[in-house]
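File shown: entry-v9.tsv (TSV, C-alpha atoms).
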```
chain	number	residue	atom	x	y	z
A	1	MET	CA	-64.95	-3.92	103.35
A	2	LYS	CA	-64.45	-7.67	103.04
A	3	SER	CA	-64.85	-9.81	106.15
A	4	ILE	CA	-64.22	-13.49	106.86
A	5	THR	CA	-64.42	-15.66	109.94
A	6	LEU	CA	-61.30	-17.67	110.71
A	7	PRO	CA	-61.78	-21.13	112.24
A	8	ARG	CA	-59.97	-22.04	115.42
A	9	LEU	CA	-57.31	-24.74	115.38
A	10	THR	CA	-57.08	-27.25	118.20
A	11	ALA	CA	-53.32	-26.69	118.10
A	12	LEU	CA	-50.79	-24.99	115.86
A	13	PRO	CA	-49.49	-27.46	113.22
A	14	TYR	CA	-46.05	-28.74	114.16
A	15	GLU	CA	-44.74	-28.42	110.60
A	16	ALA	CA	-45.80	-26.01	107.86
A	17	SER	CA	-46.19	-28.93	105.44
A	18	GLU	CA	-49.14	-30.09	107.57
A	19	VAL	CA	-51.10	-26.85	107.09
A	20	PRO	CA	-52.83	-27.74	103.77
A	21	HIS	CA	-53.94	-31.12	105.14
A	22	VAL	CA	-55.16	-29.65	108.43
A	23	LEU	CA	-57.17	-26.94	106.66
A	24	ASP	CA	-58.55	-29.51	104.21
A	25	ALA	CA	-59.74	-31.63	107.13
A	26	MET	CA	-61.46	-28.55	108.60
A	27	SER	CA	-63.03	-27.71	105.19
A	28	VAL	CA	-61.58	-24.20	105.33
A	29	PRO	CA	-62.43	-22.43	102.03
A	30	PHE	CA	-60.04	-20.29	100.01
A	31	GLU	CA	-60.48	-16.54	99.60
A	32	THR	CA	-59.37	-15.03	96.30
A	33	ILE	CA	-56.82	-12.23	96.03
A	34	ASP	CA	-58.09	-10.68	92.83
A	35	THR	CA	-58.61	-6.95	93.24
A	36	VAL	CA	-56.72	-5.13	90.48
A	37	ASN	CA	-56.37	-1.72	92.06
A	38	TRP	CA	-54.42	0.00	89.27
A	39	PRO	CA	-55.73	-1.53	86.03
A	40	GLY	CA	-54.44	1.20	83.76
A	41	GLU	CA	-50.77	0.57	84.47
A	42	TYR	CA	-50.84	-2.90	86.12
A	43	PRO	CA	-53.75	-4.90	84.66
A	44	TYR	CA	-52.33	-8.41	85.09
A	45	CYS	CA	-54.03	-10.54	87.75
A	46	PRO	CA	-52.53	-13.96	88.51
A	47	GLU	CA	-54.72	-16.61	90.09
A	48	VAL	CA	-54.16	-16.25	93.84
A	49	ALA	CA	-56.05	-17.48	96.89
A	50	PHE	CA	-55.42	-17.87	100.62
A	51	ARG	CA	-56.99	-19.52	103.64
A	52	MET	CA	-56.15	-19.10	107.27
A	53	ALA	CA	-56.86	-20.44	110.75
A	54	TRP	CA	-55.85	-19.39	114.24
A	55	CYS	CA	-55.35	-20.50	117.81
A	56	PRO	CA	-53.94	-18.61	120.81
A	57	GLU	CA	-50.51	-20.02	119.96
A	58	GLY	CA	-50.42	-18.48	116.50
A	59	LEU	CA	-51.61	-18.42	112.88
A	60	ALA	CA	-51.54	-20.85	109.96
A	61	ILE	CA	-51.77	-19.50	106.39
A	62	HIS	CA	-51.98	-21.40	103.11
A	63	TYR	CA	-51.53	-19.63	99.76
A	64	ARG	CA	-52.22	-21.04	96.30
A	65	VAL	CA	-50.85	-19.23	93.21
A	66	ASN	CA	-50.84	-19.70	89.43
A	67	GLU	CA	-48.89	-17.08	87.49
A	68	GLN	CA	-47.30	-16.66	84.07
A	69	SER	CA	-43.70	-16.53	85.35
A	70	VAL	CA	-41.90	-16.96	88.66
A	71	ARG	CA	-38.76	-15.64	90.31
A	72	ALA	CA	-37.07	-16.38	93.65
A	73	VAL	CA	-33.72	-14.57	93.71
A	74	TYR	CA	-33.73	-13.93	97.46
A	75	GLY	CA	-32.85	-16.96	99.57
A	76	GLU	CA	-32.03	-15.29	102.90
A	77	ASP	CA	-34.57	-13.63	105.16
A	78	ASP	CA	-34.91	-9.86	105.33
A	79	GLY	CA	-34.19	-9.33	101.63
A	80	LYS	CA	-36.26	-7.63	98.92
A	81	VAL	CA	-38.70	-10.52	98.60
A	82	TRP	CA	-41.40	-8.24	97.15
A	83	THR	CA	-39.37	-8.07	93.93
A	84	ASP	CA	-39.72	-11.87	93.57
A	85	SER	CA	-42.95	-13.85	93.18
A	86	CYS	CA	-44.33	-12.80	96.54
A	87	VAL	CA	-47.44	-13.15	98.70
A	88	GLU	CA	-48.07	-10.95	101.69
A	89	CYS	CA	-50.24	-10.64	104.79
A	90	PHE	CA	-50.50	-7.33	106.65
A	91	ILE	CA	-52.28	-7.60	110.01
A	92	ARG	CA	-53.17	-5.38	112.97
A	93	ASN	CA	-55.45	-5.07	115.96
A	94	VAL	CA	-58.63	-3.17	115.17
A	95	GLU	CA	-57.97	-0.37	117.65
A	96	SER	CA	-54.54	0.57	116.25
A	97	ASN	CA	-52.93	1.40	112.90
A	98	THR	CA	-49.70	-0.33	113.98
A	99	TYR	CA	-49.36	-3.45	111.86
A	100	TYR	CA	-47.06	-6.28	110.82
A	101	ASN	CA	-46.22	-6.82	107.15
A	102	ILE	CA	-45.43	-10.49	106.57
A	103	GLU	CA	-43.97	-10.93	103.07
A	104	CYS	CA	-42.78	-14.23	101.62
A	105	ASN	CA	-41.48	-15.25	98.21
A	106	CYS	CA	-42.27	-18.54	96.46
A	107	VAL	CA	-39.35	-20.41	98.08
A	108	GLY	CA	-40.27	-19.38	101.62
A	109	THR	CA	-37.89	-16.48	102.14
A	110	LEU	CA	-39.38	-14.01	104.61
A	111	LEU	CA	-39.41	-10.36	105.48
A	112	ILE	CA	-41.45	-9.24	108.49
A	113	GLY	CA	-41.78	-5.57	109.29
A	114	LEU	CA	-43.58	-3.56	111.95
A	115	ARG	CA	-44.98	-0.12	111.14
A	116	GLY	CA	-47.17	2.35	112.93
A	117	ASP	CA	-47.56	5.65	114.69
A	118	ASP	CA	-46.28	4.19	117.96
A	119	CYS	CA	-43.26	2.30	116.64
A	120	GLY	CA	-42.16	4.01	113.45
A	121	ARG	CA	-40.87	1.52	110.90
A	122	CYS	CA	-38.59	-1.46	111.45
A	123	HIS	CA	-37.87	-5.03	110.39
A	124	LEU	CA	-38.02	-7.78	112.97
A	125	PRO	CA	-34.70	-9.43	113.87
A	126	LEU	CA	-33.68	-12.55	111.98
A	127	GLU	CA	-34.23	-14.58	115.16
A	128	SER	CA	-37.91	-13.66	115.11
A	129	MET	CA	-38.32	-14.49	111.42
A	130	ALA	CA	-36.62	-17.85	112.01
A	131	GLN	CA	-39.50	-18.83	114.31
A	132	VAL	CA	-41.87	-18.94	111.30
A	133	LYS	CA	-42.10	-22.40	109.76
A	134	ARG	CA	-42.49	-22.50	105.99
A	135	TRP	CA	-43.37	-25.04	103.32
A	136	THR	CA	-43.46	-24.39	99.60
A	137	SER	CA	-44.22	-26.68	96.68
A	138	LEU	CA	-41.25	-25.20	94.77
A	139	GLY	CA	-38.67	-26.11	97.43
A	140	ARG	CA	-36.51	-23.77	99.46
A	141	GLU	CA	-33.62	-23.13	97.04
A	142	PRO	CA	-33.57	-19.72	95.31
A	143	PHE	CA	-33.65	-19.55	91.51
A	144	GLY	CA	-33.67	-16.97	88.75
A	145	GLU	CA	-36.52	-16.08	86.49
A	146	ARG	CA	-38.58	-18.89	84.96
A	147	LEU	CA	-40.57	-17.62	82.01
A	148	GLU	CA	-43.28	-20.26	82.11
A	149	ASN	CA	-46.70	-20.60	83.64
A	150	THR	CA	-46.21	-22.00	87.16
A	151	ALA	CA	-48.56	-23.12	89.90
A	152	TRP	CA	-47.18	-23.07	93.43
A	153	GLN	CA	-48.27	-23.22	97.05
A	154	LEU	CA	-46.91	-21.79	100.28
A	155	ALA	CA	-47.81	-22.54	103.88
A	156	LEU	CA	-46.70	-20.61	106.97
A	157	VAL	CA	-46.95	-21.40	110.67
A	158	ILE	CA	-46.51	-18.15	112.59
A	159	PRO	CA	-46.23	-18.55	116.38
A	160	SER	CA	-47.66	-15.74	118.49
A	161	SER	CA	-44.17	-15.11	119.91
A	162	VAL	CA	-43.29	-13.47	116.58
A	163	PHE	CA	-45.70	-10.69	117.56
A	164	SER	CA	-44.07	-9.99	120.93
A	165	ASP	CA	-43.18	-6.36	120.12
A	166	TYR	CA	-46.81	-5.56	119.38
A	167	PRO	CA	-49.07	-8.43	120.51
A	168	ILE	CA	-51.81	-9.42	118.09
A	169	ARG	CA	-54.97	-10.35	120.02
A	170	LEU	CA	-55.53	-14.02	119.27
A	171	GLU	CA	-58.69	-14.56	121.30
A	172	GLU	CA	-62.07	-16.00	120.36
A	173	GLY	CA	-64.53	-13.34	119.24
A	174	VAL	CA	-61.87	-10.74	118.48
A	175	THR	CA	-61.93	-8.91	115.14
A	176	LEU	CA	-58.58	-8.15	113.52
A	177	ARG	CA	-57.89	-6.03	110.47
A	178	ALA	CA	-55.78	-7.42	107.62
A	179	ASN	CA	-55.11	-7.41	103.91
A	180	PHE	CA	-53.49	-9.98	101.63
A	181	TYR	CA	-51.51	-9.32	98.50
A	182	LYS	CA	-49.67	-10.79	95.52
A	183	CYS	CA	-46.89	-8.83	93.87
A	184	GLY	CA	-43.68	-9.20	91.88
A	185	ASP	CA	-41.96	-5.89	91.27
A	186	ASP	CA	-39.14	-7.30	89.12
A	187	LEU	CA	-41.13	-9.87	87.16
A	188	PRO	CA	-41.55	-9.32	83.39
A	189	VAL	CA	-45.15	-8.27	84.09
A	190	PRO	CA	-45.24	-6.50	87.48
A	191	HIS	CA	-48.53	-6.76	89.34
A	192	TYR	CA	-50.06	-5.53	92.60
A	193	VAL	CA	-53.29	-7.29	93.50
A	194	SER	CA	-55.04	-7.38	96.87
A	195	TRP	CA	-57.83	-9.10	98.78
A	196	ASN	CA	-59.49	-5.93	100.06
A	197	PRO	CA	-59.49	-2.94	97.67
A	198	ILE	CA	-56.94	-0.14	98.08
A	199	ASN	CA	-58.26	3.30	97.23
A	200	VAL	CA	-55.12	5.27	96.37
A	201	GLU	CA	-53.75	6.46	93.03
A	202	ARG	CA	-50.40	4.61	92.99
A	203	PRO	CA	-49.42	1.10	94.12
A	204	ASN	CA	-49.06	1.15	97.89
A	205	PHE	CA	-49.87	-1.83	100.10
A	206	HIS	CA	-49.04	0.06	103.27
A	207	ARG	CA	-52.53	1.42	103.78
A	208	PRO	CA	-53.90	0.08	107.10
A	209	GLU	CA	-57.11	2.04	106.62
A	210	CYS	CA	-57.85	-0.25	103.63
A	211	PHE	CA	-57.58	-3.53	105.53
A	212	GLY	CA	-60.52	-5.95	105.67
A	213	GLU	CA	-61.81	-7.86	108.71
A	214	LEU	CA	-60.76	-11.19	110.20
A	215	VAL	CA	-63.19	-12.44	112.86
A	216	LEU	CA	-61.67	-15.07	115.13
A	217	GLY	CA	-64.34	-17.74	115.36
```

Using structure tokens, write down the structure from this file.
Amino acid sequence: MKSITLPRLTALPYEASEVPHVLDAMSVPFETIDTVNWPGEYPYCPEVAFRMAWCPEGLAIHYRVNEQSVRAVYGEDDGKVWTDSCVECFIRNVESNTYYNIECNCVGTLLIGLRGDDCGRCHLPLESMAQVKRWTSLGREPFGERLENTAWQLALVIPSSVFSDYPIRLEEGVTLRANFYKCGDDLPVPHYVSWNPINVERPNFHRPECFGELVLG
């Protein structure tokens, strides 16, 4: 199981565009998302990395991607963003298998779900998703497929109020469980790579037992 320690922010960045600069100033390193779990059918692995920091008010995530083609058809939240060029963070408290799946395409369109034994399966309301601030190097306008090698970045500022239905414990010394992914179901070369390995036969990111550790430093 992979484990990283997340640094504590003095305050949540006011705008998502500030996240890369704030994490640079803190010398927060990137973690690679490069586990090819199903190499026989889906061998392609784009260059993907993330870094993350926390404070009691919420989370800041910065993704960096380089892939052979991009797509951003979905421009409104709560769509099928996983079919576009998409990065994802699934996160839960260590004592429960109930988790949030935070999925975002390369133009900052979000889907946030909540799944678990206690709550079943649902998507958060649009009002909750609207609380998440986003910045992307490709802009916020949707576009069709671009068949060219493209490097892009995404930053998210996720206030703790987004987790009101199932509070995530954002306290110093707490260990959370999480996994991070890159996918693109409808790209010319579909791919399903993860940070922590997933030990199942077919592509399935919804495996909370396969999450790694985030230690809140």

Work out how far atom CA of Asp24 of chain A is from atom CA of Phe90 of chain A, in Å to one decimal. 23.7 Å

Å distance separating atom CA of Asn196 of chain A from atom CA of Ser164 of chain A, one decimal place: 26.3 Å

For segment 149-185 of chain A versus segment 36-39 of chain A, which residues have an atom no more than 12 Å away, and what is each residue's nearest atom pair and distance in Å rounded to one decimal, using all atoms listed in the file, chain-then-number order, as JSON lines?
```
{"residue": "A:Tyr181", "atom": "CA", "partner": "A:Val36", "partner_atom": "CA", "distance": 10.4}
{"residue": "A:Lys182", "atom": "CA", "partner": "A:Val36", "partner_atom": "CA", "distance": 10.4}
{"residue": "A:Cys183", "atom": "CA", "partner": "A:Val36", "partner_atom": "CA", "distance": 11.0}
```

Would you work out the distance separating atom CA of Val81 of chain A from atom CA of Asn101 of chain A, expressed in Å to one decimal?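 So the answer is 12.0 Å.
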
How would you write as a ChimeraX atom specification the residues that get within 8 Å of (-43.4, -13.5, 92.4) in the file's frame, counting all atoms listed in the file? /A:69-72,82-87,105-106,182-185,187

Restricting to all atoms listed in the file, whichever of A:His123, A:His62, A:His191, A:Arg140 is closest to Ile102 of chain A is A:His123

Rank nothing, just name the residue among A:Arg92, A:Asp186, A:Val48, A:Tyr14 nearest to Gly144 of chain A, using only C-alpha atoms. A:Asp186

So which residues touch Val132 of chain A within 8 Å, counting only C-alpha atoms, skipping near sequence neighbours fewer than 2 positions away, as a list in words?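 Listing them by chain and then by number gives Ser128, Met129, Ala130, Arg134, Leu156, Val157, Ile158, Pro159 and Val162 of chain A.
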
Can you pull out the residues contacting Val94 of chain A? Cut-off 10 Å, using only C-alpha atoms, and skip same-chain residues under 3 positions away; I want them as a ChimeraX atom specification. /A:91,97-99,168-169,174-178,208,211,213-214

Taking C-alpha atoms for each residue, export the selection above as a PDB file, in the frame of the given file.
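Generated file (out-v3.pdb):
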```pdb
ATOM      1  CA  ILE A  91     -52.280  -7.600 110.010  1.00  0.00           C
ATOM      2  CA  ASN A  97     -52.930   1.400 112.900  1.00  0.00           C
ATOM      3  CA  THR A  98     -49.700  -0.330 113.980  1.00  0.00           C
ATOM      4  CA  TYR A  99     -49.360  -3.450 111.860  1.00  0.00           C
ATOM      5  CA  ILE A 168     -51.810  -9.420 118.090  1.00  0.00           C
ATOM      6  CA  ARG A 169     -54.970 -10.350 120.020  1.00  0.00           C
ATOM      7  CA  VAL A 174     -61.870 -10.740 118.480  1.00  0.00           C
ATOM      8  CA  THR A 175     -61.930  -8.910 115.140  1.00  0.00           C
ATOM      9  CA  LEU A 176     -58.580  -8.150 113.520  1.00  0.00           C
ATOM     10  CA  ARG A 177     -57.890  -6.030 110.470  1.00  0.00           C
ATOM     11  CA  ALA A 178     -55.780  -7.420 107.620  1.00  0.00           C
ATOM     12  CA  PRO A 208     -53.900   0.080 107.100  1.00  0.00           C
ATOM     13  CA  PHE A 211     -57.580  -3.530 105.530  1.00  0.00           C
ATOM     14  CA  GLU A 213     -61.810  -7.860 108.710  1.00  0.00           C
ATOM     15  CA  LEU A 214     -60.760 -11.190 110.200  1.00  0.00           C
TER      16      LEU A 214
END
```

Pick from A:Ala53, A:Gly217, A:Tyr63, A:Thr32 nearest to Glu172 of chain A, counting all atoms listed in the file: A:Gly217

Return as JSON the box centre and box size in Å, one decimal, for an axis-aligned box around all listed atoms of segment 157-171 of chain A padded by 8 Å per side.
```
{"center_x": -50.9, "center_y": -13.5, "center_z": 116.0, "size_x": 31.5, "size_y": 31.8, "size_z": 26.6}
```

Calculated over only C-alpha atoms, which of the candidates A:Pro43, A:Gly212, A:Gly116, A:Gly58 has the smallest distance to Ile198 of chain A? A:Gly212
